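Asks: Sharing a structure with you now.
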Amino acid sequence: MPPAVKKLPKSLHRFALPLGTSFFMTFLVSGVATWRALGMVPGMLGIWMVSWMISWAVAFPTMLIMMPVVRRALSHVIEDDSSS
């Protein structure tokens, strides 16, 4: 039976990984930061959602730019499996 949803092509992995990572990380971090700053006040959910979208709009392009830089830097300190 074919899958219910067609998978994305492998060429989009370099965009999908930072998209998913930044999406969930900013969701959690902005929620914690909003709760710590305001407490459980009326309207907190709406304030959190606005904060989340702003932080995600910054985080996603930042990850697109920084992930190759970090991968390159880490390649200098992490052994390559093929070199064993």
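By convention in this document, the chains of the structure tokens carry letters A, B, ... by their order, each chain's residues are numbered from 1, and ligands are numbered from 1 in the order they are shown.
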Show which residues sit within 9 Å of Ala59 in chain A, as a ChimeraX atom specification. Count only C-alpha atoms, and ignore same-chain residues fewer than 4 positions away.
Replies: /A:18-19,22-23,26,54-55,63-64
Asks: Using C-alpha atoms, can you export the residues from the last selection as a PDB file, in the first residue's frame?
Replies:
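Okay, part08.pdb is ready:
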```
ATOM      1  CA  PRO A  18      16.524  23.540  10.570  1.00  0.00           C
ATOM      2  CA  LEU A  19      12.814  24.199   9.971  1.00  0.00           C
ATOM      3  CA  SER A  22      13.835  25.777  15.121  1.00  0.00           C
ATOM      4  CA  PHE A  23      10.054  25.281  15.128  1.00  0.00           C
ATOM      5  CA  THR A  26      11.472  28.155  19.807  1.00  0.00           C
ATOM      6  CA  ILE A  54       8.861  36.361  16.381  1.00  0.00           C
ATOM      7  CA  SER A  55      11.520  34.061  17.816  1.00  0.00           C
ATOM      8  CA  MET A  63      19.865  28.058  11.593  1.00  0.00           C
ATOM      9  CA  LEU A  64      19.957  27.985   7.800  1.00  0.00           C
TER      10      LEU A  64
END
```
Asks: Could you pull out the residues in chain A that DSSP calls helix (DSSP H, G or I) from the backbone, as a PDB file with C-alpha atoms, in the first residue's frame?
Replies:
```
ATOM      1  CA  LYS A  10      16.104  14.134   0.041  1.00  0.00           C
ATOM      2  CA  SER A  11      17.317  17.424  -1.457  1.00  0.00           C
ATOM      3  CA  LEU A  12      15.016  19.313   0.960  1.00  0.00           C
ATOM      4  CA  HIS A  13      16.613  17.755   4.058  1.00  0.00           C
ATOM      5  CA  ARG A  14      18.963  20.735   4.442  1.00  0.00           C
ATOM      6  CA  PHE A  15      15.911  22.993   4.826  1.00  0.00           C
ATOM      7  CA  ALA A  16      13.619  20.575   6.679  1.00  0.00           C
ATOM      8  CA  LEU A  17      16.033  19.885   9.542  1.00  0.00           C
ATOM      9  CA  PRO A  18      16.524  23.540  10.570  1.00  0.00           C
ATOM     10  CA  LEU A  19      12.814  24.199   9.971  1.00  0.00           C
ATOM     11  CA  GLY A  20      11.702  21.419  12.320  1.00  0.00           C
ATOM     12  CA  THR A  21      14.414  22.027  14.906  1.00  0.00           C
ATOM     13  CA  SER A  22      13.835  25.777  15.121  1.00  0.00           C
ATOM     14  CA  PHE A  23      10.054  25.281  15.128  1.00  0.00           C
ATOM     15  CA  PHE A  24      10.015  23.035  18.197  1.00  0.00           C
ATOM     16  CA  MET A  25      12.887  24.639  20.077  1.00  0.00           C
ATOM     17  CA  THR A  26      11.472  28.155  19.807  1.00  0.00           C
ATOM     18  CA  PHE A  27       8.032  26.832  20.805  1.00  0.00           C
ATOM     19  CA  LEU A  28       9.419  25.405  24.041  1.00  0.00           C
ATOM     20  CA  VAL A  29      11.910  28.153  24.877  1.00  0.00           C
ATOM     21  CA  SER A  30       9.502  31.017  24.186  1.00  0.00           C
ATOM     22  CA  GLY A  31       6.854  29.268  26.298  1.00  0.00           C
ATOM     23  CA  VAL A  32       9.198  28.888  29.252  1.00  0.00           C
ATOM     24  CA  ALA A  33      10.502  32.461  28.882  1.00  0.00           C
ATOM     25  CA  THR A  34       6.988  33.905  28.638  1.00  0.00           C
ATOM     26  CA  TRP A  35       5.798  31.922  31.652  1.00  0.00           C
ATOM     27  CA  ARG A  36       8.863  32.957  33.692  1.00  0.00           C
ATOM     28  CA  ALA A  37       8.448  36.628  32.751  1.00  0.00           C
ATOM     29  CA  LEU A  38       4.669  36.908  33.203  1.00  0.00           C
ATOM     30  CA  MET A  44      -0.574  34.461  28.359  1.00  0.00           C
ATOM     31  CA  LEU A  45      -1.283  31.984  25.555  1.00  0.00           C
ATOM     32  CA  GLY A  46      -1.718  34.783  23.011  1.00  0.00           C
ATOM     33  CA  ILE A  47       1.399  36.594  24.215  1.00  0.00           C
ATOM     34  CA  TRP A  48       3.335  33.311  24.019  1.00  0.00           C
ATOM     35  CA  MET A  49       2.178  32.663  20.445  1.00  0.00           C
ATOM     36  CA  VAL A  50       3.293  36.137  19.329  1.00  0.00           C
ATOM     37  CA  SER A  51       6.642  35.673  21.066  1.00  0.00           C
ATOM     38  CA  TRP A  52       6.999  32.238  19.482  1.00  0.00           C
ATOM     39  CA  MET A  53       6.385  33.497  15.950  1.00  0.00           C
ATOM     40  CA  ILE A  54       8.861  36.361  16.381  1.00  0.00           C
ATOM     41  CA  SER A  55      11.520  34.061  17.816  1.00  0.00           C
ATOM     42  CA  TRP A  56      10.926  31.440  15.119  1.00  0.00           C
ATOM     43  CA  ALA A  57      11.205  34.103  12.390  1.00  0.00           C
ATOM     44  CA  VAL A  58      14.686  34.890  13.752  1.00  0.00           C
ATOM     45  CA  ALA A  59      15.744  31.320  14.562  1.00  0.00           C
ATOM     46  CA  PHE A  60      14.932  29.621  11.247  1.00  0.00           C
ATOM     47  CA  PRO A  61      17.059  31.820   8.968  1.00  0.00           C
ATOM     48  CA  THR A  62      19.785  31.857  11.618  1.00  0.00           C
ATOM     49  CA  MET A  63      19.865  28.058  11.593  1.00  0.00           C
ATOM     50  CA  LEU A  64      19.957  27.985   7.800  1.00  0.00           C
ATOM     51  CA  ILE A  65      23.078  30.140   7.908  1.00  0.00           C
ATOM     52  CA  MET A  66      24.752  28.635  10.975  1.00  0.00           C
ATOM     53  CA  MET A  67      24.211  24.888  10.519  1.00  0.00           C
ATOM     54  CA  PRO A  68      26.824  24.529   7.755  1.00  0.00           C
ATOM     55  CA  VAL A  69      29.262  26.641   9.784  1.00  0.00           C
ATOM     56  CA  VAL A  70      28.738  24.510  12.911  1.00  0.00           C
ATOM     57  CA  ARG A  71      29.000  21.254  10.905  1.00  0.00           C
ATOM     58  CA  ARG A  72      32.295  22.422   9.435  1.00  0.00           C
ATOM     59  CA  ALA A  73      33.651  23.455  12.842  1.00  0.00           C
ATOM     60  CA  LEU A  74      32.601  20.168  14.436  1.00  0.00           C
ATOM     61  CA  ASP A  81      33.744   6.932  11.003  1.00  0.00           C
ATOM     62  CA  SER A  82      35.391   6.194   7.665  1.00  0.00           C
ATOM     63  CA  SER A  83      38.865   7.125   8.981  1.00  0.00           C
TER      64      SER A  83
END
```
